[in-house]
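Asks: So here's model_29.cif (mmCIF, C-alpha atoms).
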```cif
data_start
loop_
_atom_site.label_atom_id
_atom_site.label_comp_id
_atom_site.auth_asym_id
_atom_site.auth_seq_id
_atom_site.Cartn_x
_atom_site.Cartn_y
_atom_site.Cartn_z
CA MET H 1 108.67 59.86 59.53
CA ASN H 2 110.50 62.37 57.33
CA ARG H 3 112.43 59.53 55.69
CA LEU H 4 109.13 57.81 54.83
CA LEU H 5 107.68 60.90 53.21
CA SER H 6 110.89 61.82 51.42
CA SER H 7 111.35 58.29 50.08
CA GLY H 8 108.24 58.64 47.97
CA THR H 9 106.39 55.60 49.32
CA ALA H 10 103.47 57.63 50.66
CA ARG H 11 102.56 59.00 47.22
CA PRO H 12 101.48 55.66 45.65
CA LEU H 13 99.38 54.95 48.73
CA LEU H 14 97.62 58.29 48.42
CA SER H 15 96.90 57.85 44.73
CA ALA H 16 95.54 54.33 45.33
CA ALA H 17 93.32 55.67 48.11
CA SER H 18 92.04 58.49 45.93
CA ARG H 19 91.27 56.04 43.09
CA SER H 20 89.24 53.80 45.38
CA LEU H 21 87.43 56.85 46.83
CA ARG H 22 86.51 58.01 43.33
CA ALA H 23 85.25 54.54 42.43
CA ALA H 24 83.18 54.34 45.61
CA THR H 25 81.55 57.73 45.06
CA SER H 26 80.84 57.51 41.33
CA PRO H 27 77.09 57.85 40.72
CA SER H 28 74.88 55.01 39.59
CA TYR H 29 71.28 56.05 39.07
CA THR H 30 68.17 53.99 39.59
CA VAL H 31 64.98 55.33 38.09
CA ALA H 32 61.63 54.97 39.84
CA THR H 33 59.02 55.52 37.18
CA PRO H 34 55.66 56.85 38.36
CA ASN H 35 53.84 53.63 37.50
CA VAL H 36 56.30 51.31 39.19
CA ILE H 37 56.65 51.81 42.92
CA ALA H 38 58.92 49.16 44.34
CA ALA H 39 61.85 48.74 46.65
CA LEU H 40 64.37 50.27 44.25
CA SER H 41 66.65 51.92 46.73
CA VAL H 42 68.22 50.93 49.99
CA ARG H 43 69.30 53.54 52.50
CA HIS H 44 71.55 52.51 55.34
CA ASN H 45 71.13 54.21 58.70
CA SER H 46 74.39 56.00 59.43
CA HIS H 47 73.61 56.19 63.15
CA GLY H 48 72.79 52.54 63.69
CA SER H 49 74.56 49.28 63.11
CA GLY H 50 74.25 49.57 59.34
CA SER H 51 71.69 46.77 59.17
CA ASP H 52 68.71 49.12 59.00
CA ALA H 53 67.59 49.62 55.42
CA GLU H 54 64.99 51.97 53.99
CA SER H 55 62.79 50.77 51.16
CA PHE H 56 61.53 53.02 48.39
CA ALA H 57 58.10 53.08 50.07
CA ASP H 58 59.66 54.20 53.38
CA PHE H 59 61.73 56.82 51.52
CA SER H 60 58.58 58.14 49.84
CA LYS H 61 56.63 58.19 53.10
CA ARG H 62 59.45 60.03 54.92
CA TYR H 63 59.81 62.76 52.28
CA THR H 64 56.06 63.13 51.74
CA SER H 65 55.69 63.75 55.46
CA PHE H 66 58.67 66.12 55.43
CA PHE H 67 57.23 68.27 52.63
CA ASP H 68 53.75 68.22 54.16
CA ASN H 69 55.24 69.79 57.30
CA ALA H 70 57.77 72.18 55.73
CA GLU H 71 57.33 75.58 57.39
CA ASP H 72 59.59 77.87 55.37
CA LEU H 73 61.45 78.16 52.08
CA PHE H 74 64.80 77.16 53.56
CA GLU H 75 63.36 73.94 54.95
CA LEU H 76 61.63 73.15 51.63
CA GLN H 77 64.79 73.72 49.60
CA ARG H 78 66.91 71.74 52.08
CA GLY H 79 64.46 68.84 51.79
CA LEU H 80 64.52 69.01 48.00
CA ASN H 81 68.32 69.00 47.95
CA ASN H 82 68.42 65.98 50.24
CA CYS H 83 65.65 64.15 48.40
CA PHE H 84 67.19 64.65 44.95
CA ALA H 85 70.67 63.71 46.23
CA TYR H 86 69.73 60.02 46.36
CA ASP H 87 70.42 57.71 43.43
CA LEU H 88 66.76 57.49 42.52
CA VAL H 89 64.00 59.63 41.15
CA PRO H 90 61.43 60.51 43.83
CA GLY H 91 57.97 59.04 43.33
CA VAL H 92 54.94 60.98 42.20
CA ASP H 93 53.57 61.23 45.76
CA VAL H 94 56.78 62.90 46.97
CA ILE H 95 56.82 65.32 44.03
CA GLU H 96 53.15 66.19 44.58
CA SER H 97 53.80 66.91 48.26
CA ALA H 98 56.81 69.09 47.37
CA LEU H 99 54.76 71.01 44.78
CA ARG H 100 51.99 71.63 47.30
CA ALA H 101 54.56 72.84 49.83
CA SER H 102 56.10 75.22 47.31
CA ARG H 103 52.74 76.78 46.51
CA ARG H 104 51.73 76.86 50.19
CA LEU H 105 54.97 78.75 50.92
CA ASP H 106 54.29 81.03 47.91
CA THR H 107 57.42 80.16 45.95
CA PHE H 108 56.43 79.62 42.34
CA SER H 109 60.04 79.46 41.17
CA THR H 110 60.74 76.49 43.44
CA ALA H 111 57.76 74.67 41.95
CA VAL H 112 59.16 75.21 38.45
CA ARG H 113 62.60 74.05 39.61
CA ILE H 114 61.13 70.80 40.95
CA PHE H 115 60.19 69.89 37.39
CA GLU H 116 63.70 70.81 36.24
CA GLY H 117 65.08 68.47 38.90
CA ILE H 118 62.89 65.64 37.65
CA ARG H 119 64.01 66.27 34.06
CA GLU H 120 67.67 66.01 35.14
CA LYS H 121 67.19 62.87 37.25
CA VAL H 122 65.30 60.65 34.78
CA GLU H 123 67.20 58.59 32.22
CA ASN H 124 65.32 59.74 29.13
CA HIS H 125 62.71 62.17 27.85
CA GLY H 126 60.01 59.49 27.79
CA GLN H 127 60.25 59.03 31.55
CA TYR H 128 60.03 62.80 32.04
CA GLU H 129 56.88 62.82 29.90
CA MET H 130 55.44 60.06 32.12
CA TYR H 131 56.02 62.22 35.20
CA LEU H 132 54.40 65.21 33.48
CA GLN H 133 51.39 63.08 32.58
CA GLU H 134 51.06 61.73 36.14
CA LEU H 135 51.39 65.24 37.61
CA LYS H 136 49.15 67.00 35.07
CA GLY H 137 46.24 67.33 37.52
CA ILE H 138 48.32 68.86 40.31
CA LYS H 139 50.03 71.21 37.83
CA GLU H 140 46.65 72.53 36.69
CA GLU H 141 45.24 72.69 40.22
CA LEU H 142 48.18 74.73 41.54
CA GLY H 143 48.79 76.76 38.38
CA ILE H 144 52.34 75.52 37.88
CA VAL H 145 54.06 75.45 34.51
CA THR H 146 57.34 73.92 33.48
CA LYS H 147 60.35 75.83 32.23
CA GLU H 148 59.58 74.55 28.72
CA GLU H 149 56.07 76.01 28.92
CA LEU H 150 57.38 79.33 30.24
CA PHE H 151 59.91 79.74 27.47
CA VAL H 152 58.15 78.31 24.45
CA GLY H 153 60.39 78.29 21.38
CA GLU H 154 63.68 78.45 23.28
CA ASP H 155 65.98 75.46 23.59
CA SER H 156 66.71 74.58 27.21
#
```
How does the structure come out when it is put into structure tokens?

Replies:
Amino acid sequence: MNRLLSSGTARPLLSAASRSLRAATSPSYTVATPNVIAALSVRHNSHGSGSDAESFADFSKRYTSFFDNAEDLFELQRGLNNCFAYDLVPGVDVIESALRASRRLDTFSTAVRIFEGIREKVENHGQYEMYLQELKGIKEELGIVTKEELFVGEDS
């Protein structure tokens, strides 16, 4: 064993393994615009045989239900972290449910951060504007503003 490690043959194997790990974990984003709800993402069940897949509609239903039942700030923020970790932008129904949960749990700052998360996940400013347009009613109903509206005149 010591001869193998001292001979230097293990090092190329490790660097090849790290290169393939980096390639496998590099992000590739898929955008789900508010007007187009389709099966954009596939989630494999890590506990099953790997053949179970989750469509975008199932993803949206699962997270909408999760946010509707969130009981405290920790649970809400954990759900947001998990939801935004996927290689897609959550649909309008999921965002609306998360915004309602944030106001129900009396955390205005989390509601503002949800919009920041959307802005970071979409591919361009036009898509962000589409989300803002779709969510305009819920923003007004719940009294939520975006970071841009809070800090008018400052570059963010």

Asks: Nearest to Ile114 in chain H: which of H:Leu150, H:Glu96, H:Asp68, H:Ile138 is it, counting only C-alpha atoms?

Replies: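 Checking each candidate against Ile114 in chain H, we get H:Glu96 as the closest.
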
Asks: Would you compute the distance between CA of Met130 in chain H and CA of Ala101 in chain H? Give it in Å to one decimal.

Replies: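 Distance reported for this atom pair: 21.9 Å.
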
Asks: Looking at all atoms listed in the file, which of H:Tyr128, H:Glu71, H:Gly117, H:Thr110 is the one that sits closest to Cys83 in chain H?

Replies: H:Gly117

Asks: Considering all atoms listed in the file, return as number ranges by chain whatever protein or nucleic-acid residues lie within 10 Å of Lys61 in chain H, sequence-local ones (same chain, fewer than 6 positions apart) excluded.

Replies: H: 55, 91, 93-94

Asks: The PyMOL selection byres ((chain H and resi 105) around 10) - which residues does that actually catch in the file I just gave you? List them as a PyMOL selection string.

Replies: chain H and resi 70-73+76+99-104+106-108+110

Asks: Take the point (67.4, 62.6, 51.4) as written in the file and pick out every residue within 12 Å of it, counting all atoms listed in the file; give the list as a PyMOL selection string.

Replies: chain H and resi 41-45+54+56+58-64+66-67+77-90+94

Asks: Between CA of Tyr131 in chain H and CA of Ala111 in chain H, what is the distance in Å, rounded to a tenth?

Replies: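 That distance, rounded to one decimal, is 14.3 Å.
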
Asks: Enter the distance from CA of Thr146 in chain H to CA of Glu116 in chain H, in Å, rounded to one decimal.

Replies: 7.6 Å

Asks: Would you mind listing what lies within 12 Å of Glu129 in chain H as a PyMOL selection string, with all atoms listed in the file counted and same-chain residues fewer than 5 positions away left out?

Replies: chain H and resi 33-34+115+118-119+122-124+134-136+146

Asks: Model the absent atoms of range 126-143 of chain H so that N, CA, C and O atoms are present, and write the result as a PDB file, in the frame of the given file.

Replies:
```
ATOM      1  N   GLY H 126      61.257  60.235  27.640  1.00  0.00           N
ATOM      2  CA  GLY H 126      60.010  59.490  27.790  1.00  0.00           C
ATOM      3  C   GLY H 126      59.591  59.356  29.255  1.00  0.00           C
ATOM      4  O   GLY H 126      58.406  59.466  29.586  1.00  0.00           O
ATOM      5  N   GLN H 127      60.558  59.111  30.122  1.00  0.00           N
ATOM      6  CA  GLN H 127      60.250  59.030  31.550  1.00  0.00           C
ATOM      7  C   GLN H 127      59.809  60.380  32.099  1.00  0.00           C
ATOM      8  O   GLN H 127      58.909  60.459  32.929  1.00  0.00           O
ATOM      9  N   TYR H 128      60.438  61.456  31.623  1.00  0.00           N
ATOM     10  CA  TYR H 128      60.030  62.800  32.040  1.00  0.00           C
ATOM     11  C   TYR H 128      58.592  63.065  31.610  1.00  0.00           C
ATOM     12  O   TYR H 128      57.790  63.604  32.375  1.00  0.00           O
ATOM     13  N   GLU H 129      58.251  62.653  30.391  1.00  0.00           N
ATOM     14  CA  GLU H 129      56.880  62.820  29.900  1.00  0.00           C
ATOM     15  C   GLU H 129      55.891  62.030  30.760  1.00  0.00           C
ATOM     16  O   GLU H 129      54.765  62.481  30.999  1.00  0.00           O
ATOM     17  N   MET H 130      56.302  60.849  31.233  1.00  0.00           N
ATOM     18  CA  MET H 130      55.440  60.060  32.120  1.00  0.00           C
ATOM     19  C   MET H 130      55.170  60.813  33.428  1.00  0.00           C
ATOM     20  O   MET H 130      54.037  60.833  33.910  1.00  0.00           O
ATOM     21  N   TYR H 131      56.212  61.423  33.981  1.00  0.00           N
ATOM     22  CA  TYR H 131      56.020  62.220  35.200  1.00  0.00           C
ATOM     23  C   TYR H 131      55.083  63.388  34.929  1.00  0.00           C
ATOM     24  O   TYR H 131      54.196  63.679  35.738  1.00  0.00           O
ATOM     25  N   LEU H 132      55.278  64.076  33.815  1.00  0.00           N
ATOM     26  CA  LEU H 132      54.400  65.210  33.480  1.00  0.00           C
ATOM     27  C   LEU H 132      52.955  64.745  33.351  1.00  0.00           C
ATOM     28  O   LEU H 132      52.031  65.440  33.809  1.00  0.00           O
ATOM     29  N   GLN H 133      52.746  63.601  32.742  1.00  0.00           N
ATOM     30  CA  GLN H 133      51.390  63.080  32.580  1.00  0.00           C
ATOM     31  C   GLN H 133      50.776  62.749  33.940  1.00  0.00           C
ATOM     32  O   GLN H 133      49.621  63.079  34.207  1.00  0.00           O
ATOM     33  N   GLU H 134      51.550  62.089  34.809  1.00  0.00           N
ATOM     34  CA  GLU H 134      51.060  61.730  36.140  1.00  0.00           C
ATOM     35  C   GLU H 134      50.762  62.961  36.998  1.00  0.00           C
ATOM     36  O   GLU H 134      49.873  62.943  37.834  1.00  0.00           O
ATOM     37  N   LEU H 135      51.524  64.029  36.786  1.00  0.00           N
ATOM     38  CA  LEU H 135      51.390  65.240  37.610  1.00  0.00           C
ATOM     39  C   LEU H 135      50.557  66.326  36.934  1.00  0.00           C
ATOM     40  O   LEU H 135      50.482  67.454  37.441  1.00  0.00           O
ATOM     41  N   LYS H 136      49.924  66.007  35.826  1.00  0.00           N
ATOM     42  CA  LYS H 136      49.150  67.000  35.070  1.00  0.00           C
ATOM     43  C   LYS H 136      48.048  67.627  35.930  1.00  0.00           C
ATOM     44  O   LYS H 136      47.872  68.840  35.925  1.00  0.00           O
ATOM     45  N   GLY H 137      47.328  66.819  36.687  1.00  0.00           N
ATOM     46  CA  GLY H 137      46.240  67.330  37.520  1.00  0.00           C
ATOM     47  C   GLY H 137      46.717  68.311  38.578  1.00  0.00           C
ATOM     48  O   GLY H 137      46.127  69.377  38.765  1.00  0.00           O
ATOM     49  N   ILE H 138      47.803  67.978  39.256  1.00  0.00           N
ATOM     50  CA  ILE H 138      48.320  68.860  40.310  1.00  0.00           C
ATOM     51  C   ILE H 138      48.908  70.136  39.707  1.00  0.00           C
ATOM     52  O   ILE H 138      48.790  71.213  40.288  1.00  0.00           O
ATOM     53  N   LYS H 139      49.520  70.015  38.513  1.00  0.00           N
ATOM     54  CA  LYS H 139      50.030  71.210  37.830  1.00  0.00           C
ATOM     55  C   LYS H 139      48.901  72.189  37.543  1.00  0.00           C
ATOM     56  O   LYS H 139      49.030  73.392  37.777  1.00  0.00           O
ATOM     57  N   GLU H 140      47.795  71.665  37.013  1.00  0.00           N
ATOM     58  CA  GLU H 140      46.650  72.530  36.690  1.00  0.00           C
ATOM     59  C   GLU H 140      46.001  73.085  37.941  1.00  0.00           C
ATOM     60  O   GLU H 140      45.637  74.259  37.990  1.00  0.00           O
ATOM     61  N   GLU H 141      45.858  72.244  38.967  1.00  0.00           N
ATOM     62  CA  GLU H 141      45.240  72.690  40.220  1.00  0.00           C
ATOM     63  C   GLU H 141      46.017  73.826  40.872  1.00  0.00           C
ATOM     64  O   GLU H 141      45.417  74.796  41.354  1.00  0.00           O
ATOM     65  N   LEU H 142      47.347  73.724  40.868  1.00  0.00           N
ATOM     66  CA  LEU H 142      48.180  74.730  41.540  1.00  0.00           C
ATOM     67  C   LEU H 142      48.654  75.837  40.616  1.00  0.00           C
ATOM     68  O   LEU H 142      49.283  76.792  41.073  1.00  0.00           O
ATOM     69  N   GLY H 143      48.374  75.724  39.322  1.00  0.00           N
ATOM     70  CA  GLY H 143      48.790  76.760  38.380  1.00  0.00           C
ATOM     71  C   GLY H 143      50.282  76.794  38.132  1.00  0.00           C
ATOM     72  O   GLY H 143      50.871  77.859  37.978  1.00  0.00           O
TER      73      GLY H 143
END
```
